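Source file: query.txt. Holds: compact mmCIF, C-alpha atoms and all ligand atoms.
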```
# COMPACT_ATOMS: atom_id res chain seq x y z
CA MET A 1 62.70 87.25 82.79
CA GLY A 2 64.41 89.20 80.03
CA LEU A 3 67.49 91.25 80.78
CA TYR A 4 68.25 94.47 78.90
CA ILE A 5 71.69 96.05 79.38
CA HIS A 6 72.29 99.57 78.08
CA ILE A 7 75.66 100.67 76.69
CA PRO A 8 75.35 104.43 76.18
CA PHE A 9 78.38 105.11 73.96
CA CYS A 10 78.61 105.87 70.24
CA MET A 11 81.37 106.79 67.81
CA LYS A 12 79.32 109.67 66.44
CA LYS A 13 75.75 110.82 67.03
CA CYS A 14 73.55 110.04 64.01
CA ASN A 15 71.47 112.95 62.73
CA TYR A 16 68.14 111.28 63.55
CA CYS A 17 68.87 109.52 66.82
CA ASP A 18 67.60 110.48 70.27
CA PHE A 19 68.63 107.26 72.01
CA LEU A 20 70.49 107.84 75.28
CA SER A 21 74.11 107.73 74.14
CA PHE A 22 77.26 109.84 74.35
CA VAL A 23 80.21 110.48 72.10
CA GLY A 24 83.84 110.94 73.17
CA VAL A 25 83.43 109.79 76.78
CA PRO A 26 86.87 109.56 78.43
CA GLN A 27 88.11 106.04 79.21
CA GLU A 28 88.04 106.78 82.93
CA GLN A 29 84.33 107.53 82.84
CA SER A 30 83.40 104.54 80.70
CA ASP A 31 85.40 102.33 83.08
CA ALA A 32 83.42 103.78 85.97
CA TYR A 33 80.21 103.14 84.01
CA PHE A 34 80.99 99.44 83.63
CA GLN A 35 81.96 99.25 87.28
CA THR A 36 78.55 100.64 88.21
CA LEU A 37 76.80 98.25 85.82
CA LEU A 38 78.45 95.33 87.60
CA GLN A 39 77.27 96.74 90.92
CA GLU A 40 73.74 97.08 89.59
CA ILE A 41 73.78 93.46 88.41
CA ASP A 42 74.98 92.45 91.86
CA TYR A 43 72.26 94.53 93.52
CA PHE A 44 69.43 92.83 91.65
CA SER A 45 70.90 89.36 91.51
CA GLU A 46 70.60 88.75 95.25
CA ASP A 47 66.86 89.24 95.12
CA TYR A 48 66.12 87.79 91.73
CA ARG A 49 68.42 84.84 91.16
CA ASN A 50 66.25 82.45 93.15
CA ILE A 51 62.94 83.68 91.77
CA TYR A 52 63.64 84.14 88.08
CA TYR A 53 65.63 82.51 85.41
CA VAL A 54 66.83 84.65 82.55
CA ASP A 55 65.95 83.34 79.11
CA THR A 56 66.78 86.44 77.02
CA VAL A 57 69.56 89.00 77.31
CA PHE A 58 69.74 92.06 75.06
CA ILE A 59 72.89 94.20 75.11
CA GLY A 60 71.73 97.39 73.42
CA GLY A 61 72.67 100.99 73.05
CA GLY A 62 74.14 103.17 71.96
CA THR A 63 76.71 101.01 70.30
CA PRO A 64 77.83 98.04 72.42
CA SER A 65 80.23 96.97 69.64
CA LEU A 66 82.19 100.22 70.03
CA ILE A 67 83.78 99.15 73.29
CA ASP A 68 86.54 96.63 73.80
CA SER A 69 85.05 93.14 74.03
CA SER A 70 86.79 92.57 77.38
CA TYR A 71 84.06 94.81 78.89
CA ILE A 72 81.34 92.66 77.31
CA SER A 73 83.15 89.63 78.68
CA LYS A 74 83.11 91.03 82.25
CA LEU A 75 79.48 91.93 81.81
CA MET A 76 78.49 88.45 80.66
CA ASP A 77 80.49 86.90 83.53
CA ALA A 78 78.60 89.06 86.00
CA VAL A 79 75.25 88.20 84.39
CA ARG A 80 75.98 84.47 84.59
CA THR A 81 77.23 84.74 88.17
CA GLY A 82 74.37 86.96 89.27
CA PHE A 83 71.44 85.30 87.51
CA GLU A 84 70.26 81.86 86.55
CA VAL A 85 70.73 82.05 82.76
CA ASP A 86 68.90 79.41 80.72
CA LYS A 87 71.25 77.34 78.59
CA ASN A 88 69.10 78.08 75.53
CA ALA A 89 68.83 81.78 76.28
CA GLU A 90 68.68 84.17 73.34
CA ILE A 91 71.58 86.58 73.88
CA SER A 92 71.68 89.56 71.48
CA ILE A 93 74.11 92.39 70.96
CA GLU A 94 73.60 95.57 68.89
CA THR A 95 76.39 96.51 66.55
CA ASN A 96 77.26 99.31 64.20
CA PRO A 97 79.20 98.10 61.11
CA LYS A 98 82.14 100.50 61.47
CA THR A 99 82.92 99.26 64.98
CA VAL A 100 82.91 95.50 64.40
CA THR A 101 86.01 93.35 63.88
CA LYS A 102 86.36 89.60 63.39
CA ASP A 103 88.08 89.35 66.79
CA LYS A 104 85.13 91.01 68.47
CA LEU A 105 82.67 88.74 66.65
CA LYS A 106 84.59 85.61 67.72
CA GLU A 107 84.73 86.87 71.29
CA TYR A 108 80.96 87.47 71.31
CA LEU A 109 80.37 83.89 70.19
CA ASN A 110 82.75 82.60 72.87
CA LEU A 111 80.71 84.50 75.44
CA GLY A 112 77.54 82.72 74.32
CA ILE A 113 76.13 85.71 72.43
CA ASN A 114 74.08 84.02 69.74
CA ARG A 115 72.20 86.86 68.04
CA LEU A 116 73.76 89.82 66.27
CA SER A 117 71.82 92.96 65.42
CA MET A 118 73.42 95.17 62.78
CA GLY A 119 72.42 98.78 62.17
CA ALA A 120 72.62 98.93 58.38
CA GLN A 121 69.82 101.52 57.94
CA SER A 122 70.28 101.82 54.16
CA CYS A 123 72.31 100.41 51.28
CA ASP A 124 72.68 103.81 49.65
CA ASP A 125 75.93 105.57 50.59
CA GLU A 126 74.54 109.02 49.91
CA LEU A 127 71.63 108.40 52.31
CA LEU A 128 74.00 106.90 54.88
CA ARG A 129 76.04 110.12 54.80
CA TYR A 130 72.85 112.18 55.06
CA LEU A 131 71.81 110.12 58.12
CA GLY A 132 75.19 110.90 59.67
CA ARG A 133 76.22 107.24 59.78
CA VAL A 134 79.89 106.40 60.16
CA HIS A 135 79.70 103.35 57.89
CA THR A 136 79.26 102.66 54.17
CA THR A 137 77.26 99.90 52.46
CA ASP A 138 80.54 98.13 51.78
CA ASP A 139 81.40 98.17 55.53
CA PHE A 140 78.01 96.66 56.31
CA ILE A 141 78.24 93.87 53.72
CA LYS A 142 81.81 92.98 54.75
CA ASN A 143 80.73 92.85 58.41
CA TYR A 144 77.74 90.72 57.57
CA ILE A 145 79.91 88.23 55.69
CA SER A 146 82.43 88.19 58.57
CA ALA A 147 79.64 87.48 61.05
CA ARG A 148 78.49 84.50 58.98
CA GLU A 149 82.08 83.26 58.56
CA CYS A 150 82.59 83.46 62.32
CA GLY A 151 79.48 81.35 62.83
CA PHE A 152 76.57 83.67 63.70
CA LYS A 153 73.36 81.85 62.80
CA ASN A 154 70.91 84.50 63.93
CA ILE A 155 71.37 87.99 62.50
CA ASN A 156 69.04 90.99 62.50
CA ILE A 157 69.40 93.95 60.17
CA ASP A 158 67.94 97.35 61.16
CA LEU A 159 66.67 99.51 58.30
CA ILE A 160 65.13 102.97 58.14
CA PHE A 161 62.76 104.22 55.45
CA GLY A 162 60.98 107.51 54.81
CA ILE A 163 64.31 109.36 54.81
CA PRO A 164 64.04 112.79 53.15
CA GLY A 165 65.22 112.45 49.57
CA GLN A 166 64.82 108.66 49.54
CA THR A 167 62.81 107.46 46.57
CA LEU A 168 60.71 104.30 46.49
CA ALA A 169 63.24 102.85 44.02
CA VAL A 170 66.14 103.42 46.46
CA TRP A 171 64.16 101.80 49.28
CA LYS A 172 63.35 98.83 47.06
CA TYR A 173 67.04 98.49 46.21
CA THR A 174 68.01 98.47 49.92
CA LEU A 175 65.37 95.90 50.80
CA ASN A 176 66.36 93.63 47.91
CA GLN A 177 70.05 93.89 48.81
CA VAL A 178 69.36 92.99 52.43
CA ILE A 179 66.91 90.18 51.64
CA GLY A 180 69.56 88.84 49.24
CA LEU A 181 71.88 88.39 52.22
CA CYS A 182 69.26 86.15 53.93
CA PRO A 183 69.39 87.51 57.47
CA GLU A 184 67.06 85.72 59.90
CA HIS A 185 65.42 88.96 61.02
CA ILE A 186 64.79 92.42 59.54
CA SER A 187 63.56 95.51 61.41
CA PHE A 188 62.22 98.31 59.25
CA TYR A 189 61.49 101.62 60.94
CA SER A 190 59.80 104.67 59.52
CA LEU A 191 62.10 107.63 60.24
CA GLN A 192 60.89 109.61 63.24
CA LEU A 193 61.99 113.23 63.54
CA GLU A 194 62.74 113.40 67.26
CA GLU A 195 63.20 116.60 69.25
CA GLY A 196 66.82 117.32 70.14
CA THR A 197 68.27 115.66 67.03
CA LYS A 198 70.10 117.37 64.17
CA PHE A 199 67.26 116.45 61.80
CA TYR A 200 64.75 118.10 64.11
CA SER A 201 66.63 121.39 64.13
CA MET A 202 66.97 121.18 60.34
CA LEU A 203 63.20 120.74 60.17
CA GLN A 204 62.72 123.83 62.34
CA LYS A 205 65.10 125.86 60.17
CA GLY A 206 63.36 124.66 57.02
CA THR A 207 66.42 122.87 55.64
CA LEU A 208 64.75 119.45 55.89
CA THR A 209 61.41 118.53 54.36
CA GLU A 210 59.52 115.66 55.94
CA THR A 211 58.84 112.69 53.69
CA ASP A 212 55.37 112.75 52.24
CA GLU A 213 53.05 110.51 54.32
CA LYS A 214 51.77 108.73 51.20
CA LEU A 215 55.31 107.86 50.07
CA ASP A 216 56.24 106.71 53.59
CA ARG A 217 53.21 104.41 53.67
CA SER A 218 53.88 102.98 50.23
CA MET A 219 57.44 102.19 51.35
CA TYR A 220 56.01 100.40 54.40
CA SER A 221 53.46 98.53 52.35
CA TYR A 222 56.10 97.49 49.80
CA ALA A 223 58.34 96.20 52.61
CA ILE A 224 55.58 94.06 54.13
CA LYS A 225 54.69 92.55 50.75
CA LEU A 226 58.27 91.87 49.66
CA LEU A 227 59.29 90.44 53.04
CA SER A 228 56.26 88.12 53.12
CA LYS A 229 56.98 86.99 49.56
CA SER A 230 60.60 86.32 50.54
CA GLY A 231 59.75 83.96 53.41
CA TYR A 232 59.67 86.40 56.34
CA VAL A 233 56.82 86.44 58.85
CA HIS A 234 55.70 90.00 59.56
CA TYR A 235 55.09 89.55 63.30
CA GLU A 236 55.21 93.08 64.71
CA ILE A 237 54.49 96.51 63.16
CA SER A 238 58.18 97.07 62.26
CA ASN A 239 59.63 93.57 62.45
CA ALA A 240 59.79 90.48 60.27
CA ALA A 241 61.63 87.21 60.76
CA LYS A 242 62.10 83.81 59.25
CA ASN A 243 60.04 81.16 61.00
CA GLY A 244 61.31 80.53 64.51
CA TYR A 245 63.58 83.60 64.53
CA GLN A 246 61.23 86.18 66.03
CA CYS A 247 63.19 88.18 68.59
CA ARG A 248 62.32 86.43 71.86
CA HIS A 249 63.56 89.37 73.92
CA ASN A 250 61.48 92.01 72.15
CA LEU A 251 58.48 89.66 72.21
CA LYS A 252 58.61 90.00 76.00
CA TYR A 253 57.91 93.74 75.61
CA TRP A 254 55.07 93.00 73.19
CA SER A 255 53.58 90.29 75.39
CA MET A 256 53.86 92.31 78.60
CA GLU A 257 56.19 89.86 80.28
CA ASP A 258 58.76 90.74 82.94
CA TYR A 259 62.06 92.36 81.99
CA LEU A 260 64.80 94.00 83.99
CA GLY A 261 66.68 96.93 82.44
CA LEU A 262 70.21 97.58 83.69
CA GLY A 263 72.33 100.64 82.98
CA LEU A 264 71.75 104.28 82.21
CA GLY A 265 68.11 105.19 81.55
CA ALA A 266 67.08 101.53 81.33
CA HIS A 267 63.40 100.68 81.91
CA SER A 268 62.07 97.67 83.79
CA PHE A 269 58.72 96.00 84.19
CA ILE A 270 58.58 93.49 87.00
CA GLU A 271 55.41 92.04 88.45
CA GLY A 272 53.27 95.02 87.54
CA THR A 273 55.79 97.70 88.57
CA ARG A 274 57.47 99.92 86.01
CA PHE A 275 60.68 101.68 86.96
CA SER A 276 63.44 103.48 85.13
CA ASN A 277 67.02 104.41 85.85
CA VAL A 278 68.58 107.85 86.06
CA ILE A 279 69.63 109.35 82.73
CA SER A 280 72.69 111.36 83.83
CA LEU A 281 75.93 109.43 83.30
CA GLU A 282 77.60 111.32 86.12
CA GLN A 283 74.74 110.62 88.52
CA TYR A 284 74.65 106.91 87.61
CA VAL A 285 78.39 106.54 88.14
CA ASN A 286 78.19 108.44 91.45
CA ILE A 287 75.49 106.08 92.71
CA GLY A 288 77.92 103.24 92.09
CA LYS A 289 80.78 105.11 93.79
CA GLU A 290 79.09 106.55 96.81
CA TYR A 291 75.91 104.71 97.47
CA LYS A 292 76.01 101.83 99.88
CA TYR A 293 73.76 100.13 97.39
CA LYS A 294 73.96 96.78 99.10
CA GLN A 295 72.36 98.10 102.26
CA LYS A 296 69.23 99.36 100.59
CA LYS A 297 67.16 96.53 99.24
CA MET A 298 64.16 97.07 97.04
CA THR A 299 60.95 96.35 98.87
CA ASP A 300 57.44 97.20 97.71
CA GLU A 301 57.82 100.76 98.92
CA SER A 302 61.49 101.50 98.24
CA ILE A 303 63.05 102.19 94.89
CA SER A 304 66.24 100.80 93.38
CA PRO A 305 69.13 103.22 94.14
CA PHE A 306 69.84 103.33 90.40
CA SER A 307 66.29 104.37 89.52
CA CYS A 308 64.63 107.75 89.62
CA TRP A 309 61.07 106.75 88.87
CA GLN A 310 58.72 103.89 89.60
CA HIS A 311 55.05 103.22 89.25
CA HIS A 312 53.00 100.37 90.65
CA ASN A 313 50.46 99.63 87.94
CA THR A 314 46.81 99.51 88.88
CA LYS A 315 44.64 96.94 87.12
CA GLU A 316 43.51 99.70 84.73
CA ASP A 317 47.18 100.58 83.99
CA ASN A 318 47.91 96.93 83.29
CA ILE A 319 44.97 96.67 80.90
CA SER A 320 46.00 99.82 79.07
CA ASP A 321 49.68 98.76 78.87
CA TYR A 322 48.61 95.34 77.64
CA LEU A 323 46.42 96.73 74.86
CA ILE A 324 49.09 99.16 73.69
CA THR A 325 51.95 96.67 73.65
CA VAL A 326 50.24 93.43 72.60
CA MET A 327 48.36 95.01 69.68
CA ARG A 328 51.75 95.76 68.09
CA LYS A 329 52.04 92.08 67.22
CA THR A 330 50.38 91.24 63.92
CA GLN A 331 48.52 88.36 65.56
CA GLY A 332 47.01 90.94 67.93
CA ILE A 333 45.26 90.05 71.17
CA GLN A 334 43.91 86.59 71.93
CA PHE A 335 40.60 86.97 73.77
CA ASP A 336 41.45 83.98 76.00
CA ASP A 337 44.76 85.46 77.08
CA PHE A 338 43.12 88.76 77.95
CA LYS A 339 40.43 87.03 80.02
CA ASN A 340 42.95 84.81 81.80
CA ARG A 341 45.03 87.82 82.79
CA PHE A 342 42.34 90.26 83.77
CA GLY A 343 39.35 88.11 84.64
CA ILE A 344 37.10 89.99 82.24
CA GLY A 345 36.44 89.75 78.50
CA LEU A 346 37.97 92.37 76.19
CA GLU A 347 34.68 92.68 74.32
CA GLN A 348 32.84 93.22 77.57
CA LEU A 349 35.20 96.09 78.46
CA TYR A 350 35.81 97.69 75.09
CA GLY A 351 33.14 96.24 72.78
CA ASN A 352 32.08 99.71 71.56
CA VAL A 353 35.62 100.86 70.82
CA LEU A 354 36.40 97.62 68.98
CA ARG A 355 33.30 97.90 66.82
CA LYS A 356 34.03 101.57 66.01
CA TYR A 357 37.49 100.71 64.63
CA GLN A 358 36.24 97.52 62.99
CA ASN A 359 33.72 99.65 61.07
CA GLN A 360 36.54 102.00 60.05
CA GLY A 361 38.52 99.02 58.74
CA LEU A 362 41.42 99.43 61.19
CA ILE A 363 40.94 96.15 63.05
CA GLU A 364 39.68 92.70 62.27
CA ILE A 365 37.79 90.68 64.88
CA SER A 366 37.77 86.90 64.53
CA ALA A 367 36.38 84.21 66.83
CA ASP A 368 39.47 84.13 69.02
CA ARG A 369 41.35 87.42 68.54
CA VAL A 370 41.47 91.04 67.45
CA TYR A 371 44.26 92.32 65.21
CA PHE A 372 45.20 95.22 62.96
CA THR A 373 44.34 95.25 59.27
CA GLU A 374 47.03 96.66 56.95
CA LYS A 375 45.26 100.03 57.11
CA GLY A 376 45.19 99.66 60.91
CA MET A 377 48.96 99.10 61.04
CA ASP A 378 49.39 102.43 59.22
CA LEU A 379 47.06 104.21 61.63
CA ALA A 380 47.91 102.16 64.74
CA ASN A 381 48.47 105.26 66.88
CA ILE A 382 44.89 106.45 66.39
CA PHE A 383 43.53 103.16 67.76
CA LEU A 384 46.13 102.84 70.54
CA ALA A 385 45.51 106.42 71.71
CA GLU A 386 42.06 105.24 72.90
CA PHE A 387 43.78 103.28 75.66
CA VAL A 388 46.51 105.67 76.84
C1 LIG B 1 70.11 101.65 69.29
S1 LIG B 1 69.98 101.72 67.60
C2 LIG B 1 70.94 100.39 66.90
C3 LIG B 1 72.35 100.02 67.10
C4 LIG B 1 73.48 100.85 66.61
N1 LIG B 1 73.65 101.93 67.51
C5 LIG B 1 73.36 101.37 65.21
O1 LIG B 1 72.71 102.38 65.04
O2 LIG B 1 73.93 100.79 64.31
C6 LIG B 1 68.45 100.95 67.24
C7 LIG B 1 67.80 101.22 65.91
O3 LIG B 1 66.76 102.15 66.04
C8 LIG B 1 66.51 102.75 64.79
N2 LIG B 1 66.30 104.18 65.02
C9 LIG B 1 66.97 104.98 65.87
N3 LIG B 1 66.48 106.24 65.82
C10 LIG B 1 65.47 106.23 64.92
C11 LIG B 1 64.57 107.23 64.41
N4 LIG B 1 64.61 108.49 64.83
N5 LIG B 1 63.65 106.84 63.49
C12 LIG B 1 63.58 105.56 63.07
N6 LIG B 1 64.41 104.59 63.49
C13 LIG B 1 65.34 104.91 64.41
C14 LIG B 1 67.70 102.45 63.90
O4 LIG B 1 67.32 101.57 62.88
C15 LIG B 1 68.69 101.80 64.84
O5 LIG B 1 69.46 100.83 64.22
S1 LIG B 2 71.52 105.18 65.69
FE1 LIG B 2 72.91 103.87 66.84
S2 LIG B 2 74.98 104.63 66.28
FE2 LIG B 2 73.57 106.21 65.69
S3 LIG B 2 73.56 107.59 67.47
FE3 LIG B 2 71.80 106.17 67.69
S4 LIG B 2 72.55 104.55 68.96
FE4 LIG B 2 74.37 105.66 68.18
```
Write-out of the structure in structure tokens:
Amino acid sequence: MGLYIHIPFCMKKCNYCDFLSFVGVPQEQSDAYFQTLLQEIDYFSEDYRNIYYVDTVFIGGGTPSLIDSSYISKLMDAVRTGFEVDKNAEISIETNPKTVTKDKLKEYLNLGINRLSMGAQSCDDELLRYLGRVHTTDDFIKNYISARECGFKNINIDLIFGIPGQTLAVWKYTLNQVIGLCPEHISFYSLQLEEGTKFYSMLQKGTLTETDEKLDRSMYSYAIKLLSKSGYVHYEISNAAKNGYQCRHNLKYWSMEDYLGLGLGAHSFIEGTRFSNVISLEQYVNIGKEYKYKQKKMTDESISPFSCWQHHNTKEDNISDYLITVMRKTQGIQFDDFKNRFGIGLEQLYGNVLRKYQNQGLIEISADRVYFTEKGMDLANIFLAEFV
């Protein structure tokens, strides 16, 4: 099982971001948050520690690197006490360059955290300011070097392209700078203008013009080509890694394997049931304070006291979830795997749909699998919408 732990705090809200995170939370409330997280770990560990072993942990956010590393230390202690953690587990933490120090990096390594994810986004300071980032390119490069000096051997860099005003030349410069640093993993996301963000309201007011679709796609296409030429395997729509460094945790999402999400708003998928936690910080903390969480155990019918929603997947739900998540991998869906899981052939179920998109050049069908073509990666949502 994979474990995701959400840390919903940031130094400043970026102009494009709709992730569940808060700025300026008083110490008292963040303390209470961590207290509740430990309770949630305790709640699940009783039921799960004898059934599952944890082979990936992902501490994400928000900005986990913003908080004092003593909190991460308590968290990792609780995880190791509560769950059976594999000795070769991949343990990742998300960081934002401005919030990282050498002391924190050393502490992470001491805690067994062996994968660092850095939100660089761009190597152009003007674009970084436009995105509302708190860091500069110099901060990012210094942090990256520090992480290597401290001994991190598995580093991911997050990048965003398709930013209004970004030219193809500026994107190429960022990619080349980052590839020059030789990180093991690079994520490259096309900017999404999400409701509720500063960028979204700028779009509504007409002070932001969306990047032209053709330019966005040529940035994507350039990234795939350059990354492949530079020794990275493009293994998921927005992710590339050196051989053997694919993110094992995220691969669980894209292979429809079990994962448990802990913390505010975290999602879980366990044995065909999806559930997600409350999204109000106050409510989450109150559950920890007031709820006799130990007395209410999760059975098939009940719901975790920290959750507000759950859904037991039907077989049809599982098939649809599988198609939508597994197709994101560039290797696509193996016919054998589909048949082993669902007892029926994919072609038998969706032969007509597959042929329609094969004729349109969006997917390729080989003897053993179906996968997106480059055109299909660009238009993935059109194909995936068939299965929602
Ligand atoms: C939780 S954040 C990463 C960690 C850290 N908070 C940071 O930003 O440095 C995950 C990543 O999602 C990407 N992201 C967030 N909002 C996005 C958006 N609206 N469009 C495209 N990518 C986005 C960014 O690349 C970001 O680094
Ligand atoms: S992109 Fe990262 S740092 Fe910026 S608001 Fe979102 S979670 Fe926080």
Selection as number ranges by chain: residues within 10 Å of ligand LIG 2 (chain B) by all atoms listed in the file: A: 7-23, 60-66, 94-99, 118-121, 131-135, 158, 197
Contact residues around Ile279 (chain A) with all atoms listed in the file at 12 Å, ignoring same-chain residues under 5 positions, as a list in words: His6, Pro8, Phe19, Leu20, Ser21, Phe22, Leu262, Gly263, Leu264, Gly265, Ala266, His267, Tyr284, Val285, Phe306, Ser307, Cys308 and Trp309 of chain A
Produce a file of the selected residues containing C-alpha atoms, as a PDB file, in the coordinates of the input.
```pdb
ATOM      1  CA  HIS A   6      72.290  99.570  78.080  1.00  0.00           C
ATOM      2  CA  PRO A   8      75.350 104.430  76.180  1.00  0.00           C
ATOM      3  CA  PHE A  19      68.630 107.260  72.010  1.00  0.00           C
ATOM      4  CA  LEU A  20      70.490 107.840  75.280  1.00  0.00           C
ATOM      5  CA  SER A  21      74.110 107.730  74.140  1.00  0.00           C
ATOM      6  CA  PHE A  22      77.260 109.840  74.350  1.00  0.00           C
ATOM      7  CA  LEU A 262      70.210  97.580  83.690  1.00  0.00           C
ATOM      8  CA  GLY A 263      72.330 100.640  82.980  1.00  0.00           C
ATOM      9  CA  LEU A 264      71.750 104.280  82.210  1.00  0.00           C
ATOM     10  CA  GLY A 265      68.110 105.190  81.550  1.00  0.00           C
ATOM     11  CA  ALA A 266      67.080 101.530  81.330  1.00  0.00           C
ATOM     12  CA  HIS A 267      63.400 100.680  81.910  1.00  0.00           C
ATOM     13  CA  TYR A 284      74.650 106.910  87.610  1.00  0.00           C
ATOM     14  CA  VAL A 285      78.390 106.540  88.140  1.00  0.00           C
ATOM     15  CA  PHE A 306      69.840 103.330  90.400  1.00  0.00           C
ATOM     16  CA  SER A 307      66.290 104.370  89.520  1.00  0.00           C
ATOM     17  CA  CYS A 308      64.630 107.750  89.620  1.00  0.00           C
ATOM     18  CA  TRP A 309      61.070 106.750  88.870  1.00  0.00           C
TER      19      TRP A 309
END
```
Expected answer as number ranges by chain: all residues with atoms within 8 Å of (65.2, 88.2, 70.0), only C-alpha atoms: A: 56, 58, 90-92, 115, 245-251
Non-local contacts of Tyr144 (chain A) (9 Å; all atoms listed in the file; under 5 positions in same chain excluded) as a count of residues only: 7
Point-to-point distance in Å for atom C5 of ligand LIG 1 (chain B) and CA of Gly165 (chain A):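 Distance between the two atoms: 20.8 Å.
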Two-atom distance - CA of Met1 (chain A), CA of Ile186 (chain A) (Å): 23.9 Å
Which of A:Leu260, A:Leu168, A:Ala385, A:Ile113 sits closest to Leu3 (chain A) [using only C-alpha atoms]: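 Of all the options, A:Leu260 lies closest to Leu3 (chain A).
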Shortest interatomic distance to Asp47 (chain A) - which of A:Tyr71, A:Phe83, A:Trp254, A:Phe335, counting all atoms listed in the file: A:Phe83
Computed interatomic separation between CA of Asn88 (chain A) and CA of Ser276 (chain A) (Å):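 These two atoms are separated by 27.7 Å.
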For ligand LIG 1 (chain B), the nearest of the candidates A:Tyr189, A:Tyr53, A:Trp171, A:Tyr108, counting only C-alpha atoms and all ligand atoms: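 Among A:Tyr189, A:Tyr53, A:Trp171, A:Tyr108, it is A:Tyr189 that comes nearest to ligand LIG 1 (chain B).
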If you count only C-alpha atoms, which residues fall within 9 Å of Thr36 (chain A), apart from same-chain ones fewer than 4 positions away, as a tab-separated table (two decimals) with C-alpha atoms, in the coordinates of the input?
```tsv
chain	number	residue	atom	x	y	z
A	31	ASP	CA	85.40	102.33	83.08
A	32	ALA	CA	83.42	103.78	85.97
A	40	GLU	CA	73.74	97.08	89.59
A	41	ILE	CA	73.78	93.46	88.41
A	263	GLY	CA	72.33	100.64	82.98
A	284	TYR	CA	74.65	106.91	87.61
A	285	VAL	CA	78.39	106.54	88.14
A	286	ASN	CA	78.19	108.44	91.45
A	287	ILE	CA	75.49	106.08	92.71
A	288	GLY	CA	77.92	103.24	92.09
A	289	LYS	CA	80.78	105.11	93.79
```
Selected residue, from A:Gln177, A:Ser190, A:Ser45, A:Ser70, that lies nearest to ligand LIG 1 (chain B) when counting only C-alpha atoms and all ligand atoms: A:Ser190
Closest of A:Phe152, A:Tyr232, A:Tyr173, A:Tyr200 to Ser187 (chain A) - atom-to-atom distances counting only C-alpha atoms: A:Tyr232
Top pick for closest residue to Gly343 (chain A), considering A:Thr209, A:Lys315, A:Tyr322, A:Tyr357 and counting only C-alpha atoms: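 For Gly343 (chain A), the nearest of the candidates is A:Lys315.
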Excluding Lys242 (chain A) and any residue of its chain fewer than 5 positions from it, enumerate the residues within 9 Å of it, using all atoms listed in the file, and give them as a PDB file with C-alpha atoms, in the frame of the given file.
```
ATOM      1  CA  PRO A 183      69.390  87.510  57.470  1.00  0.00           C
ATOM      2  CA  GLU A 184      67.060  85.720  59.900  1.00  0.00           C
ATOM      3  CA  HIS A 185      65.420  88.960  61.020  1.00  0.00           C
ATOM      4  CA  GLY A 231      59.750  83.960  53.410  1.00  0.00           C
ATOM      5  CA  TYR A 232      59.670  86.400  56.340  1.00  0.00           C
ATOM      6  CA  VAL A 233      56.820  86.440  58.850  1.00  0.00           C
ATOM      7  CA  HIS A 234      55.700  90.000  59.560  1.00  0.00           C
TER       8      HIS A 234
END
```
Residues near Met327 (chain A), cut-off 9 Å, only C-alpha atoms, skip fewer than 3 positions along chain, as a list of chain:residue names: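 Contacts, in chain order: A:Glu236, A:Trp254, A:Tyr322, A:Leu323, A:Ile324, A:Thr330, A:Gln331, A:Gly332, A:Ile333, A:Val370, A:Tyr371, A:Phe372, A:Ala380, A:Leu384.
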Write the residues of the preceding selection, restricted to C-alpha atoms, as a PDB file, keeping the file's coordinate frame.
```pdb
ATOM      1  CA  GLU A 236      55.210  93.080  64.710  1.00  0.00           C
ATOM      2  CA  TRP A 254      55.070  93.000  73.190  1.00  0.00           C
ATOM      3  CA  TYR A 322      48.610  95.340  77.640  1.00  0.00           C
ATOM      4  CA  LEU A 323      46.420  96.730  74.860  1.00  0.00           C
ATOM      5  CA  ILE A 324      49.090  99.160  73.690  1.00  0.00           C
ATOM      6  CA  THR A 330      50.380  91.240  63.920  1.00  0.00           C
ATOM      7  CA  GLN A 331      48.520  88.360  65.560  1.00  0.00           C
ATOM      8  CA  GLY A 332      47.010  90.940  67.930  1.00  0.00           C
ATOM      9  CA  ILE A 333      45.260  90.050  71.170  1.00  0.00           C
ATOM     10  CA  VAL A 370      41.470  91.040  67.450  1.00  0.00           C
ATOM     11  CA  TYR A 371      44.260  92.320  65.210  1.00  0.00           C
ATOM     12  CA  PHE A 372      45.200  95.220  62.960  1.00  0.00           C
ATOM     13  CA  ALA A 380      47.910 102.160  64.740  1.00  0.00           C
ATOM     14  CA  LEU A 384      46.130 102.840  70.540  1.00  0.00           C
TER      15      LEU A 384
END
```
